[in-house]
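Here is the file coords_29.txt (compact mmCIF, C-alpha atoms and all ligand atoms).
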# COMPACT_ATOMS: atom_id res chain seq x y z
CA MET A 662 197.81 150.10 111.07
CA THR A 663 195.45 148.37 108.66
CA LYS A 664 198.41 146.58 107.14
CA THR A 665 199.46 145.27 110.54
CA VAL A 666 195.96 143.99 111.23
CA LEU A 667 195.85 142.32 107.84
CA ALA A 668 199.24 140.72 108.38
CA LEU A 669 198.11 139.39 111.75
CA LEU A 670 194.91 138.04 110.22
CA CYS A 671 196.90 136.27 107.52
CA LEU A 672 199.15 134.73 110.15
CA LEU A 673 196.17 133.50 112.12
CA LEU A 674 194.49 132.09 109.04
CA SER A 675 197.60 130.37 107.74
CA SER A 676 198.36 128.75 111.09
CA HIS A 677 194.81 127.44 110.98
CA VAL A 678 195.32 125.94 107.56
CA PHE A 679 198.42 124.06 108.63
CA ALA A 680 197.02 122.71 111.87
CA GLN A 681 194.58 119.97 110.97
CA CYS A 682 192.46 117.27 112.56
CA ASP A 683 192.14 114.96 109.55
CA PHE A 684 195.04 113.61 107.54
CA GLU A 685 195.35 111.70 104.30
CA VAL A 686 198.53 109.64 104.34
CA GLU A 687 199.65 107.53 101.39
CA VAL A 688 202.08 104.65 101.24
CA GLY A 689 203.16 102.50 98.32
CA ASP A 690 205.66 99.83 97.34
CA LYS A 691 208.51 101.86 98.81
CA LEU A 692 209.42 102.45 102.45
CA GLN A 693 207.94 105.91 102.53
CA PHE A 694 205.00 107.85 103.93
CA SER A 695 203.63 110.70 101.80
CA VAL A 696 204.15 113.03 104.77
CA SER A 697 207.26 113.45 106.90
CA SER A 698 205.63 115.47 109.65
CA MET A 699 202.16 116.10 110.97
CA GLU A 700 200.99 119.11 112.93
CA VAL A 701 197.78 118.67 114.80
CA ASP A 702 195.66 121.49 116.15
CA ALA A 703 195.52 121.26 119.96
CA GLY A 704 191.81 122.05 119.64
CA CYS A 705 191.04 118.88 117.68
CA GLU A 706 188.54 116.75 119.56
CA ASN A 707 189.60 113.75 117.53
CA VAL A 708 192.37 113.21 115.04
CA THR A 709 191.71 110.94 112.07
CA VAL A 710 194.41 109.40 109.92
CA ASN A 711 193.28 107.87 106.64
CA LEU A 712 195.98 105.55 105.34
CA LYS A 713 195.94 104.49 101.70
CA HIS A 714 198.32 101.96 100.09
CA THR A 715 198.66 102.93 96.43
CA GLY A 716 201.14 100.15 95.62
CA GLN A 717 200.73 96.66 94.16
CA LEU A 718 202.45 94.41 96.67
CA PRO A 719 200.46 92.39 99.22
CA ALA A 720 200.56 93.08 102.95
CA ALA A 721 202.81 90.09 103.60
CA ALA A 722 205.53 91.52 101.34
CA MET A 723 205.12 95.30 101.62
CA GLY A 724 202.55 95.91 104.32
CA HIS A 725 202.35 99.25 106.06
CA ASN A 726 200.56 100.70 109.03
CA TRP A 727 200.55 104.01 110.87
CA VAL A 728 201.51 103.83 114.53
CA LEU A 729 201.88 106.69 117.02
CA THR A 730 204.04 106.59 120.16
CA THR A 731 206.34 108.95 122.01
CA ASP A 732 209.81 109.34 120.49
CA ALA A 733 211.23 107.26 123.32
CA ASP A 734 208.92 104.28 122.71
CA VAL A 735 209.37 103.80 118.94
CA GLN A 736 212.20 101.28 119.12
CA ALA A 737 210.72 99.08 121.82
CA VAL A 738 207.23 99.03 120.30
CA ALA A 739 208.64 98.25 116.84
CA SER A 740 210.68 95.35 118.27
CA ALA A 741 207.73 93.97 120.21
CA GLY A 742 205.65 94.33 117.06
CA ILE A 743 208.00 92.16 115.02
CA ALA A 744 207.64 89.42 117.61
CA ALA A 745 203.82 89.75 117.48
CA GLY A 746 203.67 88.94 113.76
CA LEU A 747 201.51 89.94 110.79
CA GLU A 748 198.25 88.55 112.24
CA ALA A 749 198.70 91.01 115.12
CA ASN A 750 199.48 93.84 112.65
CA TYR A 751 203.06 93.77 113.93
CA LEU A 752 201.93 95.38 117.17
CA PRO A 753 202.13 94.13 120.76
CA ALA A 754 198.65 93.48 122.16
CA GLN A 755 197.10 95.97 124.58
CA ASP A 756 200.24 98.01 124.88
CA ASP A 757 199.80 101.38 126.61
CA ARG A 758 202.78 102.80 124.74
CA ILE A 759 200.73 102.72 121.52
CA ILE A 760 198.74 105.95 121.36
CA ALA A 761 197.05 105.05 118.08
CA ALA A 762 197.57 102.55 115.28
CA THR A 763 195.96 101.29 112.09
CA LYS A 764 196.06 97.70 110.93
CA ILE A 765 198.62 96.61 108.36
CA ILE A 766 197.42 97.06 104.77
CA GLY A 767 198.73 95.97 101.38
CA GLY A 768 198.47 97.40 97.86
CA GLY A 769 195.05 98.80 96.94
CA GLU A 770 193.81 98.80 100.52
CA SER A 771 192.79 101.65 102.82
CA THR A 772 192.24 101.95 106.53
CA SER A 773 191.86 104.66 109.12
CA VAL A 774 192.15 105.38 112.81
CA SER A 775 190.55 108.08 114.96
CA PHE A 776 191.80 108.93 118.40
CA SER A 777 191.68 111.63 121.05
CA ILE A 778 194.69 113.84 121.70
CA ALA A 779 193.30 115.05 125.04
CA GLU A 780 195.91 113.06 126.99
CA LEU A 781 198.82 114.13 124.82
CA ASP A 782 201.30 116.78 125.86
CA SER A 783 202.23 119.50 123.38
CA SER A 784 205.68 119.85 124.99
CA GLN A 785 206.47 116.19 124.28
CA ALA A 786 207.82 114.78 121.02
CA TYR A 787 205.78 112.09 119.28
CA THR A 788 206.65 109.92 116.32
CA PHE A 789 204.51 108.11 113.78
CA PHE A 790 206.03 105.07 112.11
CA CYS A 791 205.33 101.81 110.31
CA SER A 792 205.83 98.71 112.45
CA PHE A 793 206.28 96.25 109.55
CA PRO A 794 209.63 94.48 110.17
CA GLY A 795 212.51 96.62 108.99
CA HIS A 796 210.41 99.65 108.07
CA SER A 797 210.47 101.79 111.21
CA SER A 798 214.04 102.98 110.80
CA VAL A 799 213.09 104.88 107.62
CA MET A 800 209.28 105.01 107.68
CA LYS A 801 208.72 107.56 110.39
CA GLY A 802 207.94 111.19 110.99
CA THR A 803 207.23 113.74 113.65
CA PHE A 804 203.79 114.30 115.12
CA LYS A 805 203.34 117.63 116.85
CA ILE A 806 200.48 119.24 118.70
CA ILE A 807 200.41 122.95 118.03
CU CU1 B 901 205.83 99.81 106.16

Take the structure from the file and write it as structure tokens.
Amino acid sequence: MTKTVLALLCLLLSSHVFAQCDFEVEVGDKLQFSVSSMEVDAGCENVTVNLKHTGQLPAAAMGHNWVLTTDADVQAVASAGIAAGLEANYLPAQDDRIIAATKIIGGGESTSVSFSIAELDSSQAYTFFCSFPGHSSVMKGTFKII
């Protein structure tokens, strides 16, 4: 009996550890995020993503950002972003498909974004990606509300 209670407690605690509200995400001079998936606690009032570029290359050559959309919108937002250009952080202006996004950063720079997940649906699949031209096909991961 006690063992069962303990096991349940451990389960509860561990699920709490994995579900977070704040994330540290690193990028560098490769097309890679330091995380391939993110699990966000449904109880988070706000989610904060701190993005750090640990590489050397400037934003114009190897810039990265962190953009969140539904799975279905990734391709279209990435394409519209390329057309928007670096000054617009490779993102279409005032686009409702973008749930959250940081600016584009280069080596040695950091940025962050905070947003509410109140409107997001835990049964829907979301994707985070980098909208720098050519990066989104490999620089992406799943974003889940649990
Ligand atoms: Cu990138």

Note to self: Can you work out which residues are within 9 Å of ligand CU1 901 (chain B), considering only C-alpha atoms and all ligand atoms, and then hand them over as a VMD selection string?
What the structure shows: chain A and resid 688 to 694 723 to 727 765 to 766 790 to 797 799 to 800

Restricted to C-alpha atoms, what would the selected residues look like written as a compact mmCIF listing (two decimals), in the coordinates of the input?
# COMPACT_ATOMS: atom_id res chain seq x y z
CA VAL A 688 202.08 104.65 101.24
CA GLY A 689 203.16 102.50 98.32
CA ASP A 690 205.66 99.83 97.34
CA LYS A 691 208.51 101.86 98.81
CA LEU A 692 209.42 102.45 102.45
CA GLN A 693 207.94 105.91 102.53
CA PHE A 694 205.00 107.85 103.93
CA MET A 723 205.12 95.30 101.62
CA GLY A 724 202.55 95.91 104.32
CA HIS A 725 202.35 99.25 106.06
CA ASN A 726 200.56 100.70 109.03
CA TRP A 727 200.55 104.01 110.87
CA ILE A 765 198.62 96.61 108.36
CA ILE A 766 197.42 97.06 104.77
CA PHE A 790 206.03 105.07 112.11
CA CYS A 791 205.33 101.81 110.31
CA SER A 792 205.83 98.71 112.45
CA PHE A 793 206.28 96.25 109.55
CA PRO A 794 209.63 94.48 110.17
CA GLY A 795 212.51 96.62 108.99
CA HIS A 796 210.41 99.65 108.07
CA SER A 797 210.47 101.79 111.21
CA VAL A 799 213.09 104.88 107.62
CA MET A 800 209.28 105.01 107.68

Next item on the list: Please identify all polymer residues within 9 Å of Leu752 in chain A, counting only C-alpha atoms, omitting same-chain residues fewer than 4 positions from it, and present them as an MDAnalysis selection string.
Entry: chainID A and resid 728 738:747 756 759 762 764 792:793

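Here the question is which of A:Ile760, A:Leu729, A:Leu712, A:Ile806 gets nearest to Ser783 in chain A using only C-alpha atoms, and that residue is A:Ile806.
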
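With distances taken over all atoms listed in the file, A:Gln736 is the one residue among A:Gln785, A:Ser775, A:Gln736, A:Gln755 lying closest to Ser798 in chain A.
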
Check: How many Å lie between CA of Val774 in chain A and CA of Val696 in chain A, rounded to one decimal?
Finding: 16.3 Å

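CA of Thr803 in chain A lies 4.7 Å from CA of Thr788 in chain A.
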
Notebook entry, point to check: What is the CA of Ser777 in chain A-CA of Thr715 in chain A distance in Å, reported with one decimal?
Noted result: 27.0 Å

Next item on the list: Go through A:Glu685, A:Asp782, A:Glu770, A:Tyr787 one by one, measure the shortest atom-to-atom distance of each to Gly802 in chain A using all atoms listed in the file, and give the residue with the smallest value.
Entry: A:Tyr787

Item checked: Residue neighbourhood Val701 in chain A, 8 Å, all atoms listed in the file, exclusion window fewer than 6 positions, as a ChimeraX atom specification -> /A:680-682,708,804-807

Find the smallest box with edges along x, y and z containing every listed atom of range 732-737 of chain A, then add 5 Å on each side and report centre and edge lengths in Å to one decimal, as lines of an AutoDock Vina configuration file.
center_x = 210.6
center_y = 104.2
center_z = 121.1
size_x = 13.3
size_y = 20.3
size_z = 14.4

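Nearest residue to Glu700 in chain A among A:Pro719, A:Phe776, A:Ser771, A:Phe789 is A:Phe789, counting all atoms listed in the file.
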
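Among the candidate residues A:Thr730, A:Thr772, A:Asn750, A:Asn707, the one lying nearest to Glu687 in chain A is A:Thr772, with distances computed using all atoms listed in the file.
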
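Shortest separation to Ala720 in chain A among A:Asp732, A:Glu780, A:Glu748, A:Asp757 occurs at residue A:Glu748, atoms counted being only C-alpha atoms.
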